[in-house]
$ cat work_1.cif   # mmCIF, C-alpha atoms
data_query
loop_
_atom_site.group_PDB
_atom_site.id
_atom_site.type_symbol
_atom_site.label_atom_id
_atom_site.label_comp_id
_atom_site.auth_asym_id
_atom_site.auth_seq_id
_atom_site.Cartn_x
_atom_site.Cartn_y
_atom_site.Cartn_z
ATOM 1 C CA MET A 1 -17.717 207.833 -154.385
ATOM 2 C CA GLU A 2 -21.074 206.270 -155.155
ATOM 3 C CA THR A 3 -20.099 203.424 -157.484
ATOM 4 C CA SER A 4 -22.099 200.214 -157.541
ATOM 5 C CA ALA A 5 -19.242 198.387 -155.768
ATOM 6 C CA HIS A 6 -19.111 201.026 -153.044
ATOM 7 C CA THR A 7 -22.879 200.895 -152.588
ATOM 8 C CA LEU A 8 -22.725 197.105 -152.315
ATOM 9 C CA LEU A 9 -19.981 197.287 -149.669
ATOM 10 C CA VAL A 10 -21.898 199.885 -147.678
ATOM 11 C CA SER A 11 -25.087 197.814 -147.792
ATOM 12 C CA LEU A 12 -23.163 194.696 -146.796
ATOM 13 C CA TRP A 13 -21.667 196.456 -143.785
ATOM 14 C CA PHE A 14 -25.098 197.731 -142.796
ATOM 15 C CA CYS A 15 -26.298 194.116 -142.765
ATOM 16 C CA ILE A 16 -23.235 192.911 -140.812
ATOM 17 C CA LEU A 17 -23.638 195.579 -138.152
ATOM 18 C CA GLY A 18 -27.343 194.816 -138.019
ATOM 19 C CA LEU A 19 -26.583 191.128 -137.471
ATOM 20 C CA MET A 20 -24.168 191.919 -134.635
ATOM 21 C CA LEU A 21 -26.638 194.327 -133.038
ATOM 22 C CA ALA A 22 -29.409 191.722 -133.234
ATOM 23 C CA ALA A 23 -27.097 189.147 -131.644
ATOM 24 C CA TYR A 24 -26.315 191.558 -128.828
ATOM 25 C CA VAL A 25 -29.936 192.546 -128.224
ATOM 26 C CA VAL A 26 -31.108 188.927 -127.981
ATOM 27 C CA THR A 27 -28.215 187.499 -125.963
ATOM 28 C CA ASP A 28 -27.448 190.350 -123.593
ATOM 29 C CA GLY A 29 -31.120 191.299 -123.567
ATOM 30 C CA PHE A 30 -32.215 188.254 -121.605
ATOM 31 C CA ASP A 31 -29.522 188.603 -118.939
ATOM 32 C CA LEU A 32 -30.269 192.326 -118.596
ATOM 33 C CA GLY A 33 -33.901 191.302 -118.242
ATOM 34 C CA ILE A 34 -33.053 188.816 -115.516
ATOM 35 C CA GLY A 35 -31.218 191.593 -113.685
ATOM 36 C CA ILE A 36 -34.286 193.821 -113.924
ATOM 37 C CA LEU A 37 -36.548 191.033 -112.662
ATOM 38 C CA SER A 38 -34.221 190.358 -109.724
ATOM 39 C CA LEU A 39 -35.355 193.701 -108.301
ATOM 40 C CA PHE A 40 -38.823 192.149 -107.856
ATOM 41 C CA GLU A 41 -37.632 188.923 -106.221
ATOM 42 C CA PRO A 42 -37.467 189.245 -102.401
ATOM 43 C CA GLU A 43 -35.866 185.864 -101.620
ATOM 44 C CA ARG A 44 -32.110 185.576 -101.966
ATOM 45 C CA ALA A 45 -32.182 181.846 -102.747
ATOM 46 C CA ARG A 46 -34.325 182.524 -105.802
ATOM 47 C CA ARG A 47 -32.084 185.396 -106.874
ATOM 48 C CA ASP A 48 -29.144 182.990 -106.640
ATOM 49 C CA VAL A 49 -30.867 180.689 -109.117
ATOM 50 C CA MET A 50 -31.622 183.602 -111.443
ATOM 51 C CA VAL A 51 -27.989 184.703 -111.484
ATOM 52 C CA GLU A 52 -26.796 181.117 -111.843
ATOM 53 C CA SER A 53 -28.806 180.802 -115.063
ATOM 54 C CA ILE A 54 -26.626 183.457 -116.765
ATOM 55 C CA VAL A 55 -23.352 183.406 -114.833
ATOM 56 C CA HIS A 56 -21.579 181.295 -117.472
ATOM 57 C CA VAL A 57 -22.705 183.296 -120.524
ATOM 58 C CA TRP A 58 -23.295 186.940 -119.622
ATOM 59 C CA ASP A 59 -19.753 188.189 -120.262
ATOM 60 C CA ALA A 60 -19.532 186.564 -123.705
ATOM 61 C CA ASN A 61 -22.891 188.107 -124.619
ATOM 62 C CA GLU A 62 -21.443 191.597 -124.160
ATOM 63 C CA THR A 63 -18.609 190.997 -126.637
ATOM 64 C CA TRP A 64 -21.120 191.674 -129.411
ATOM 65 C CA LEU A 65 -21.431 195.256 -128.173
ATOM 66 C CA VAL A 66 -17.665 195.756 -128.225
ATOM 67 C CA VAL A 67 -17.314 194.436 -131.773
ATOM 68 C CA LEU A 68 -20.332 196.481 -132.853
ATOM 69 C CA GLY A 69 -18.733 199.695 -131.594
ATOM 70 C CA GLY A 70 -15.472 198.920 -133.389
ATOM 71 C CA GLY A 71 -17.303 198.025 -136.585
ATOM 72 C CA LEU A 72 -19.335 201.229 -136.531
ATOM 73 C CA PHE A 73 -16.197 203.308 -135.976
ATOM 74 C CA GLY A 74 -14.334 201.650 -138.859
ATOM 75 C CA ALA A 75 -17.105 201.260 -141.425
ATOM 76 C CA PHE A 76 -19.107 204.436 -140.727
ATOM 77 C CA PRO A 77 -16.790 206.927 -138.975
ATOM 78 C CA VAL A 78 -18.937 209.932 -139.874
ATOM 79 C CA ALA A 79 -21.920 208.275 -138.181
ATOM 80 C CA TYR A 80 -19.760 207.600 -135.150
ATOM 81 C CA ALA A 81 -18.726 211.258 -134.992
ATOM 82 C CA THR A 82 -22.284 212.484 -135.571
ATOM 83 C CA LEU A 83 -24.012 210.273 -133.020
ATOM 84 C CA LEU A 84 -21.619 210.458 -130.088
ATOM 85 C CA PRO A 85 -21.924 214.184 -129.253
ATOM 86 C CA HIS A 86 -25.710 213.743 -128.989
ATOM 87 C CA LEU A 87 -25.563 210.471 -127.057
ATOM 88 C CA TYR A 88 -22.752 210.949 -124.548
ATOM 89 C CA LEU A 89 -25.061 210.893 -121.521
ATOM 90 C CA PRO A 90 -26.980 207.673 -122.336
ATOM 91 C CA LEU A 91 -23.771 205.993 -123.527
ATOM 92 C CA MET A 92 -21.983 206.826 -120.280
ATOM 93 C CA ALA A 93 -25.030 205.609 -118.349
ATOM 94 C CA LEU A 94 -24.973 202.391 -120.403
ATOM 95 C CA ILE A 95 -21.306 201.798 -119.608
ATOM 96 C CA ALA A 96 -21.906 202.563 -115.923
ATOM 97 C CA GLY A 97 -24.782 200.093 -115.826
ATOM 98 C CA LEU A 98 -22.694 197.339 -117.413
ATOM 99 C CA ILE A 99 -19.850 197.999 -114.947
ATOM 100 C CA MET A 100 -22.249 197.873 -112.002
ATOM 101 C CA ARG A 101 -23.728 194.616 -113.227
ATOM 102 C CA GLY A 102 -20.379 192.928 -113.837
ATOM 103 C CA ALA A 103 -18.992 193.965 -110.465
ATOM 104 C CA ALA A 104 -22.144 192.844 -108.660
ATOM 105 C CA ILE A 105 -22.079 189.370 -110.218
ATOM 106 C CA GLU A 106 -18.524 188.857 -108.966
ATOM 107 C CA PHE A 107 -18.917 190.413 -105.495
ATOM 108 C CA ARG A 108 -22.306 188.977 -104.500
ATOM 109 C CA HIS A 109 -20.767 185.557 -103.857
ATOM 110 C CA ALA A 110 -17.721 186.820 -101.953
ATOM 111 C CA THR A 111 -19.136 189.276 -99.444
ATOM 112 C CA HIS A 112 -21.501 189.421 -96.491
ATOM 113 C CA ARG A 113 -23.321 192.288 -98.196
ATOM 114 C CA ALA A 114 -24.920 190.102 -100.862
ATOM 115 C CA PRO A 115 -28.339 191.856 -100.740
ATOM 116 C CA PHE A 116 -26.607 195.166 -101.492
ATOM 117 C CA TRP A 117 -24.805 193.721 -104.512
ATOM 118 C CA ASP A 118 -28.022 192.089 -105.684
ATOM 119 C CA ARG A 119 -29.580 195.549 -105.801
ATOM 120 C CA VAL A 120 -26.541 196.886 -107.648
ATOM 121 C CA PHE A 121 -26.961 194.052 -110.156
ATOM 122 C CA GLY A 122 -30.622 194.910 -110.693
ATOM 123 C CA VAL A 123 -30.167 198.675 -110.879
ATOM 124 C CA GLY A 124 -27.197 198.320 -113.249
ATOM 125 C CA SER A 125 -29.241 196.084 -115.533
ATOM 126 C CA LEU A 126 -32.168 198.522 -115.509
ATOM 127 C CA LEU A 127 -29.858 201.481 -116.163
ATOM 128 C CA ALA A 128 -28.257 199.713 -119.140
ATOM 129 C CA ALA A 129 -31.642 198.774 -120.621
ATOM 130 C CA VAL A 130 -33.116 202.265 -120.190
ATOM 131 C CA SER A 131 -29.990 203.826 -121.713
ATOM 132 C CA GLN A 132 -30.336 201.644 -124.796
ATOM 133 C CA GLY A 133 -33.979 202.676 -125.094
ATOM 134 C CA VAL A 134 -33.003 206.345 -124.929
ATOM 135 C CA ILE A 135 -30.401 205.823 -127.671
ATOM 136 C CA LEU A 136 -33.010 204.083 -129.838
ATOM 137 C CA GLY A 137 -35.549 206.850 -129.315
ATOM 138 C CA ARG A 138 -33.046 209.585 -130.100
ATOM 139 C CA ILE A 139 -31.963 207.911 -133.346
ATOM 140 C CA ILE A 140 -35.533 207.284 -134.566
ATOM 141 C CA THR A 141 -36.454 210.923 -133.948
ATOM 142 C CA GLY A 142 -33.371 212.059 -135.868
ATOM 143 C CA LEU A 143 -31.699 213.533 -132.759
ATOM 144 C CA ALA A 144 -34.233 216.364 -132.929
ATOM 145 C CA PRO A 145 -35.114 218.316 -129.754
ATOM 146 C CA GLY A 146 -38.638 218.991 -128.530
ATOM 147 C CA MET A 147 -41.126 217.838 -125.908
ATOM 148 C CA TRP A 148 -42.854 215.213 -128.043
ATOM 149 C CA ASN A 149 -39.540 213.739 -129.108
ATOM 150 C CA ALA A 150 -38.591 213.522 -125.430
ATOM 151 C CA VAL A 151 -41.859 211.714 -124.689
ATOM 152 C CA PHE A 152 -41.169 209.355 -127.592
ATOM 153 C CA THR A 153 -37.707 208.632 -126.171
ATOM 154 C CA LEU A 154 -39.242 207.950 -122.749
ATOM 155 C CA PHE A 155 -41.634 205.390 -124.271
ATOM 156 C CA ALA A 156 -38.708 203.807 -126.125
ATOM 157 C CA ALA A 157 -36.834 203.448 -122.821
ATOM 158 C CA VAL A 158 -39.849 201.822 -121.160
ATOM 159 C CA GLY A 159 -40.398 199.540 -124.143
ATOM 160 C CA VAL A 160 -36.798 198.330 -124.247
ATOM 161 C CA ALA A 161 -36.725 197.690 -120.487
ATOM 162 C CA ALA A 162 -40.040 195.811 -120.630
ATOM 163 C CA GLY A 163 -38.914 193.837 -123.670
ATOM 164 C CA TYR A 164 -35.673 192.808 -121.980
ATOM 165 C CA ALA A 165 -37.626 191.793 -118.875
ATOM 166 C CA LEU A 166 -39.854 189.680 -121.137
ATOM 167 C CA LEU A 167 -36.785 188.040 -122.672
ATOM 168 C CA GLY A 168 -35.368 187.389 -119.217
ATOM 169 C CA ALA A 169 -38.616 185.943 -117.901
ATOM 170 C CA THR A 170 -39.014 183.495 -120.792
ATOM 171 C CA TYR A 171 -35.346 182.505 -120.491
ATOM 172 C CA LEU A 172 -35.952 181.707 -116.815
ATOM 173 C CA VAL A 173 -38.944 179.588 -117.827
ATOM 174 C CA LYS A 174 -36.584 177.526 -119.941
ATOM 175 C CA LYS A 175 -33.616 177.405 -117.543
ATOM 176 C CA THR A 176 -35.104 177.125 -114.041
ATOM 177 C CA SER A 177 -37.491 174.925 -112.056
ATOM 178 C CA TYR A 178 -40.188 175.601 -109.498
ATOM 179 C CA PRO A 179 -40.535 178.013 -107.725
ATOM 180 C CA VAL A 180 -38.470 180.384 -109.914
ATOM 181 C CA GLU A 181 -40.097 179.015 -113.064
ATOM 182 C CA ALA A 182 -43.562 179.777 -111.668
ATOM 183 C CA SER A 183 -42.532 183.357 -110.906
ATOM 184 C CA ALA A 184 -41.019 183.639 -114.388
ATOM 185 C CA ARG A 185 -44.328 182.663 -115.986
ATOM 186 C CA THR A 186 -46.083 185.357 -113.975
ATOM 187 C CA TRP A 187 -43.461 187.910 -115.025
ATOM 188 C CA THR A 188 -43.858 186.825 -118.663
ATOM 189 C CA LEU A 189 -47.599 187.459 -118.636
ATOM 190 C CA ALA A 190 -47.044 190.808 -116.859
ATOM 191 C CA THR A 191 -44.319 192.179 -119.145
ATOM 192 C CA LEU A 192 -45.831 190.982 -122.427
ATOM 193 C CA PRO A 193 -48.696 193.535 -122.556
ATOM 194 C CA VAL A 194 -46.360 196.367 -121.522
ATOM 195 C CA THR A 195 -43.974 195.424 -124.331
ATOM 196 C CA VAL A 196 -46.767 195.172 -126.911
ATOM 197 C CA VAL A 197 -48.436 198.443 -125.898
ATOM 198 C CA SER A 198 -45.087 200.251 -125.955
ATOM 199 C CA ALA A 199 -44.364 198.882 -129.447
ATOM 200 C CA LEU A 200 -47.766 199.986 -130.737
ATOM 201 C CA VAL A 201 -47.412 203.471 -129.237
ATOM 202 C CA LEU A 202 -43.918 203.844 -130.676
ATOM 203 C CA SER A 203 -45.092 202.691 -134.120
ATOM 204 C CA GLY A 204 -47.905 205.225 -134.133
ATOM 205 C CA ALA A 205 -45.626 207.987 -132.875
ATOM 206 C CA THR A 206 -42.995 207.133 -135.497
ATOM 207 C CA LEU A 207 -45.616 207.722 -138.171
ATOM 208 C CA GLN A 208 -46.197 211.222 -136.822
ATOM 209 C CA LEU A 209 -42.855 212.362 -135.425
ATOM 210 C CA SER A 210 -40.093 210.731 -137.459
ATOM 211 C CA LEU A 211 -39.020 210.995 -141.084
ATOM 212 C CA ILE A 212 -39.114 207.195 -141.011
ATOM 213 C CA GLY A 213 -42.895 207.347 -140.838
ATOM 214 C CA THR A 214 -43.443 210.334 -143.098
ATOM 215 C CA GLU A 215 -40.990 209.339 -145.839
ATOM 216 C CA ARG A 216 -39.540 205.836 -145.610
ATOM 217 C CA TRP A 217 -42.775 204.019 -144.764
ATOM 218 C CA HIS A 218 -44.515 205.623 -147.745
ATOM 219 C CA GLN A 219 -41.990 204.321 -150.263
ATOM 220 C CA HIS A 220 -43.158 201.646 -152.652
ATOM 221 C CA GLY A 221 -43.287 198.193 -151.091
ATOM 222 C CA VAL A 222 -41.960 199.173 -147.660
ATOM 223 C CA LEU A 223 -45.324 199.323 -145.913
ATOM 224 C CA ALA A 224 -46.351 195.926 -147.305
ATOM 225 C CA VAL A 225 -43.203 194.302 -145.908
ATOM 226 C CA LEU A 226 -43.730 195.977 -142.545
ATOM 227 C CA LEU A 227 -47.340 194.786 -142.420
ATOM 228 C CA ALA A 228 -46.188 191.222 -143.112
ATOM 229 C CA LEU A 229 -43.648 191.521 -140.296
ATOM 230 C CA GLY A 230 -46.434 192.884 -138.086
ATOM 231 C CA VAL A 231 -48.492 189.759 -138.718
ATOM 232 C CA VAL A 232 -45.539 187.564 -137.745
ATOM 233 C CA ALA A 233 -45.024 189.680 -134.625
ATOM 234 C CA ALA A 234 -48.692 189.250 -133.672
ATOM 235 C CA LEU A 235 -48.366 185.475 -134.073
ATOM 236 C CA ALA A 236 -45.236 185.545 -131.909
ATOM 237 C CA VAL A 237 -47.111 187.458 -129.186
ATOM 238 C CA ALA A 238 -49.920 184.903 -129.304
ATOM 239 C CA GLY A 239 -47.338 182.122 -129.122
ATOM 240 C CA ILE A 240 -45.694 183.666 -126.050
ATOM 241 C CA ALA A 241 -48.981 184.059 -124.192
ATOM 242 C CA GLY A 242 -50.391 180.675 -125.192
ATOM 243 C CA SER A 243 -47.264 178.629 -124.529
ATOM 244 C CA THR A 244 -46.680 180.340 -121.180
ATOM 245 C CA TRP A 245 -50.236 179.676 -120.104
ATOM 246 C CA THR A 246 -50.179 176.003 -121.181
ATOM 247 C CA GLY A 247 -46.888 175.233 -119.413
ATOM 248 C CA SER A 248 -44.468 174.942 -122.328
ATOM 249 C CA ARG A 249 -40.835 175.431 -121.311
ATOM 250 C CA ARG A 250 -38.964 176.263 -124.510
ATOM 251 C CA THR A 251 -41.610 177.838 -126.744
ATOM 252 C CA PRO A 252 -42.046 181.105 -124.769
ATOM 253 C CA PHE A 253 -38.369 182.003 -125.141
ATOM 254 C CA ARG A 254 -38.254 180.978 -128.807
ATOM 255 C CA ALA A 255 -41.372 183.028 -129.578
ATOM 256 C CA THR A 256 -39.913 186.018 -127.718
ATOM 257 C CA VAL A 257 -36.681 185.787 -129.701
ATOM 258 C CA LEU A 258 -38.787 185.671 -132.886
ATOM 259 C CA LEU A 259 -40.678 188.778 -131.737
ATOM 260 C CA PHE A 260 -37.404 190.636 -131.155
ATOM 261 C CA LEU A 261 -35.906 189.560 -134.483
ATOM 262 C CA VAL A 262 -39.026 190.567 -136.412
ATOM 263 C CA SER A 263 -39.099 193.939 -134.653
ATOM 264 C CA PHE A 264 -35.423 194.408 -135.394
ATOM 265 C CA CYS A 265 -35.941 193.616 -139.082
ATOM 266 C CA GLY A 266 -38.687 196.218 -139.182
ATOM 267 C CA LEU A 267 -36.371 198.791 -137.633
ATOM 268 C CA ALA A 268 -33.559 197.991 -140.085
ATOM 269 C CA ILE A 269 -35.894 198.276 -143.072
ATOM 270 C CA SER A 270 -37.238 201.565 -141.713
ATOM 271 C CA LEU A 271 -33.779 203.103 -141.253
ATOM 272 C CA PHE A 272 -32.212 201.936 -144.529
ATOM 273 C CA PRO A 273 -30.539 203.681 -146.377
ATOM 274 C CA ASN A 274 -29.939 206.131 -143.527
ATOM 275 C CA VAL A 275 -28.022 206.048 -140.270
ATOM 276 C CA VAL A 276 -29.905 208.977 -138.747
ATOM 277 C CA PRO A 277 -33.205 209.837 -140.487
ATOM 278 C CA GLY A 278 -33.053 213.265 -142.083
ATOM 279 C CA ARG A 279 -29.429 213.840 -141.048
ATOM 280 C CA LEU A 280 -27.048 211.238 -142.423
ATOM 281 C CA SER A 281 -27.214 208.509 -145.059
ATOM 282 C CA LEU A 282 -25.145 205.346 -145.116
ATOM 283 C CA LEU A 283 -23.252 206.434 -148.236
ATOM 284 C CA ASP A 284 -22.329 209.779 -146.686
ATOM 285 C CA ALA A 285 -21.185 208.123 -143.459
ATOM 286 C CA ALA A 286 -19.179 205.229 -144.924
ATOM 287 C CA SER A 287 -15.413 204.779 -145.165
ATOM 288 C CA ASP A 288 -13.628 204.325 -148.509
ATOM 289 C CA ASP A 289 -13.628 201.015 -150.365
ATOM 290 C CA ARG A 290 -10.184 199.880 -149.201
ATOM 291 C CA THR A 291 -11.118 200.303 -145.558
ATOM 292 C CA LEU A 292 -14.422 198.495 -146.010
ATOM 293 C CA VAL A 293 -12.745 195.580 -147.817
ATOM 294 C CA PHE A 294 -9.953 195.330 -145.235
ATOM 295 C CA MET A 295 -12.486 195.283 -142.393
ATOM 296 C CA LEU A 296 -14.608 192.774 -144.291
ATOM 297 C CA ILE A 297 -11.680 190.341 -144.348
ATOM 298 C CA GLY A 298 -11.165 190.814 -140.620
ATOM 299 C CA ILE A 299 -14.820 190.365 -139.711
ATOM 300 C CA GLY A 300 -14.970 187.349 -142.018
ATOM 301 C CA VAL A 301 -12.483 185.660 -139.682
ATOM 302 C CA LEU A 302 -13.851 187.044 -136.411
ATOM 303 C CA LEU A 303 -17.588 186.597 -136.918
ATOM 304 C CA PRO A 304 -17.571 182.778 -137.375
ATOM 305 C CA VAL A 305 -15.384 182.450 -134.266
ATOM 306 C CA MET A 306 -17.775 184.542 -132.184
ATOM 307 C CA LEU A 307 -20.844 182.727 -133.478
ATOM 308 C CA GLY A 308 -19.191 179.359 -132.931
ATOM 309 C CA TYR A 309 -18.121 180.201 -129.401
ATOM 310 C CA ASN A 310 -21.541 181.530 -128.451
ATOM 311 C CA LEU A 311 -23.295 178.454 -129.805
ATOM 312 C CA TYR A 312 -20.784 176.184 -128.064
ATOM 313 C CA GLN A 313 -21.235 177.835 -124.668
ATOM 314 C CA TYR A 314 -25.007 177.534 -124.862
ATOM 315 C CA HIS A 315 -24.589 173.863 -125.797
ATOM 316 C CA VAL A 316 -22.232 173.172 -122.874
ATOM 317 C CA PHE A 317 -24.407 174.970 -120.320
ATOM 318 C CA ARG A 318 -27.729 173.712 -121.681
ATOM 319 C CA GLY A 319 -30.406 172.361 -119.387
ATOM 320 C CA LYS A 320 -31.957 173.706 -116.224
ATOM 321 C CA VAL A 321 -29.830 175.122 -113.435
ATOM 322 C CA ALA A 322 -29.898 173.486 -110.017
ATOM 323 C CA ALA A 323 -31.174 175.381 -106.995
#

$ encode --input "work_1.cif" --output "structure tokens"
Amino acid sequence: METSAHTLLVSLWFCILGLMLAAYVVTDGFDLGIGILSLFEPERARRDVMVESIVHVWDANETWLVVLGGGLFGAFPVAYATLLPHLYLPLMALIAGLIMRGAAIEFRHATHRAPFWDRVFGVGSLLAAVSQGVILGRIITGLAPGMWNAVFTLFAAVGVAAGYALLGATYLVKKTSYPVEASARTWTLATLPVTVVSALVLSGATLQLSLIGTERWHQHGVLAVLLALGVVAALAVAGIAGSTWTGSRRTPFRATVLLFLVSFCGLAISLFPNVVPGRLSLLDAASDDRTLVFMLIGIGVLLPVMLGYNLYQYHVFRGKVAA
């Protein structure tokens, strides 16, 4: 049923799910990044500070992923049924990584085997980040098989892991003091070029391998919007590098968040009006109007509560953590 009201509801739910996904990527992205960076920190005292910077917020950050999964299942059940058979392995790896990370955060303070649990924390974070990159790569390539699509997915996994590490490093710049802050600045300048190069490679490959590049990007007005977003992304990259080099504490993280949000907007524009390019459109995947309206009422109550709680926790635990 493709009435104007149905199309409006479907588009609205696409935006809501996009908002929740963006919230998850930014919030859980920096604590996944800190977990990845902990693998490169040899001193336990510094790892303690790194974990302390996220210990009060990491579990609330993951609630966005739970709500996102429920929203996708209710609003776009056909997409849920289409994607899962192709993504079981990375999804199970993602869940395993999140379990490893959660268990490690709790056990590292209550056992004599803290170095072991620190490694579990880091490996779980890396596994979760890589799994999300694989899911992204598979969706952009339309779930199609082939060697080049596999290479594209590999670059997506590297890009997501590097981007999360960049988020984590800039968050540590804001939340910690010397010597962890000094290490975080070094990590920021190391992960930034990897993130940028991965994004450029993926953009070029999307133009060649995905229907996003061959069809969606050639539609009227789409390329102009993407170029404008690219300019903003370039300014954000310059802001990250410059503010990190000059010693700013808050600007690197803010510029990194801007970079992620701009990149996410570009991805959303590229996918719309599809869920999987070349396979499934939003209209074909959506539930009926009554279901969408009923869920809209529920999310209208839930979303402000989640946003309010997240903002409140960051306000309460603001400032730098003590060593």

$ residues_around --input "work_1.cif" --residues "A:Met50" --least-positions-apart "5" --cutoff "10 Å" --atoms "all atoms listed in the file" --output "ChimeraX atom specification"
/A:31,34-35,37-38,41,44-45,55,168-169,171-172,175-176,180-181,184,321,323

$ closest_residue --input "work_1.cif" --among "A:Arg138, A:Arg113, A:Lys174, A:Arg46" --to "A:Thr206" --atoms "all atoms listed in the file"
A:Arg138

$ residues_around --input "work_1.cif" --residues "stretch 223-240 of chain A" --least-positions-apart "3" --cutoff "9 Å" --atoms "only C-alpha atoms" --output "list in words"
Thr170, Thr188, Leu189, Leu192, Val196, Arg216, Trp217, His218, Gln219, His220, Ser243, Thr244, Trp245, Thr251, Pro252, Phe253, Arg254, Ala255, Thr256, Val257, Leu258, Leu259, Phe260, Val262, Ser263, Cys265, Gly266, Ile269 and Ser270 of chain A

$ closest_residue --input "work_1.cif" --among "A:Pro277, A:Phe317, A:Arg249, A:Gly142" --to "A:Tyr178" --atoms "all atoms listed in the file"
A:Arg249

$ closest_residue --input "work_1.cif" --among "A:Gly29, A:Glu62, A:Leu143, A:Gly308" --to "A:Pro85" --atoms "all atoms listed in the file"
A:Leu143

$ decode --input "work_1.cif" --residues "stretch 13-63 of chain A" --atoms "C-alpha atoms" --output "PDB file, in the first residue's frame"
ATOM      1  CA  TRP A  13      10.742   5.500  10.572  1.00  0.00           C
ATOM      2  CA  PHE A  14      13.820   5.478   8.358  1.00  0.00           C
ATOM      3  CA  CYS A  15      14.850   8.773   9.966  1.00  0.00           C
ATOM      4  CA  ILE A  16      14.097   7.510  13.499  1.00  0.00           C
ATOM      5  CA  LEU A  17      16.136   4.353  13.016  1.00  0.00           C
ATOM      6  CA  GLY A  18      18.896   6.432  11.470  1.00  0.00           C
ATOM      7  CA  LEU A  19      18.899   8.721  14.509  1.00  0.00           C
ATOM      8  CA  MET A  20      19.140   5.762  16.893  1.00  0.00           C
ATOM      9  CA  LEU A  21      21.914   4.172  14.836  1.00  0.00           C
ATOM     10  CA  ALA A  22      23.857   7.446  14.799  1.00  0.00           C
ATOM     11  CA  ALA A  23      23.442   7.732  18.574  1.00  0.00           C
ATOM     12  CA  TYR A  24      24.760   4.206  19.006  1.00  0.00           C
ATOM     13  CA  VAL A  25      27.715   4.668  16.660  1.00  0.00           C
ATOM     14  CA  VAL A  26      28.874   7.855  18.399  1.00  0.00           C
ATOM     15  CA  THR A  27      28.297   6.805  22.010  1.00  0.00           C
ATOM     16  CA  ASP A  28      29.293   3.153  21.920  1.00  0.00           C
ATOM     17  CA  GLY A  29      31.880   3.939  19.260  1.00  0.00           C
ATOM     18  CA  PHE A  30      34.168   5.839  21.601  1.00  0.00           C
ATOM     19  CA  ASP A  31      34.110   3.187  24.329  1.00  0.00           C
ATOM     20  CA  LEU A  32      34.721   0.444  21.751  1.00  0.00           C
ATOM     21  CA  GLY A  33      37.596   2.592  20.528  1.00  0.00           C
ATOM     22  CA  ILE A  34      39.014   2.886  24.025  1.00  0.00           C
ATOM     23  CA  GLY A  35      38.876  -0.901  24.297  1.00  0.00           C
ATOM     24  CA  ILE A  36      40.792  -1.237  21.034  1.00  0.00           C
ATOM     25  CA  LEU A  37      43.407   1.280  22.179  1.00  0.00           C
ATOM     26  CA  SER A  38      43.845  -0.552  25.489  1.00  0.00           C
ATOM     27  CA  LEU A  39      45.506  -3.345  23.507  1.00  0.00           C
ATOM     28  CA  PHE A  40      48.350  -0.898  22.758  1.00  0.00           C
ATOM     29  CA  GLU A  41      48.791   0.341  26.331  1.00  0.00           C
ATOM     30  CA  PRO A  42      51.342  -1.778  28.262  1.00  0.00           C
ATOM     31  CA  GLU A  43      50.899  -0.188  31.709  1.00  0.00           C
ATOM     32  CA  ARG A  44      47.999  -1.371  33.830  1.00  0.00           C
ATOM     33  CA  ALA A  45      47.662   1.924  35.716  1.00  0.00           C
ATOM     34  CA  ARG A  46      47.011   3.732  32.445  1.00  0.00           C
ATOM     35  CA  ARG A  47      44.542   1.068  31.337  1.00  0.00           C
ATOM     36  CA  ASP A  48      42.721   1.599  34.637  1.00  0.00           C
ATOM     37  CA  VAL A  49      42.305   5.273  33.785  1.00  0.00           C
ATOM     38  CA  MET A  50      41.083   4.421  30.285  1.00  0.00           C
ATOM     39  CA  VAL A  51      38.425   2.066  31.628  1.00  0.00           C
ATOM     40  CA  GLU A  52      37.479   4.522  34.364  1.00  0.00           C
ATOM     41  CA  SER A  53      36.660   7.123  31.704  1.00  0.00           C
ATOM     42  CA  ILE A  54      33.801   4.950  30.361  1.00  0.00           C
ATOM     43  CA  VAL A  55      32.833   2.712  33.278  1.00  0.00           C
ATOM     44  CA  HIS A  56      29.812   4.853  34.198  1.00  0.00           C
ATOM     45  CA  VAL A  57      28.382   5.206  30.674  1.00  0.00           C
ATOM     46  CA  TRP A  58      29.277   2.197  28.533  1.00  0.00           C
ATOM     47  CA  ASP A  59      26.257   0.047  29.411  1.00  0.00           C
ATOM     48  CA  ALA A  60      23.753   2.838  28.717  1.00  0.00           C
ATOM     49  CA  ASN A  61      25.431   3.474  25.360  1.00  0.00           C
ATOM     50  CA  GLU A  62      24.574  -0.059  24.232  1.00  0.00           C
ATOM     51  CA  THR A  63      20.846   0.389  24.889  1.00  0.00           C
TER      52      THR A  63
END
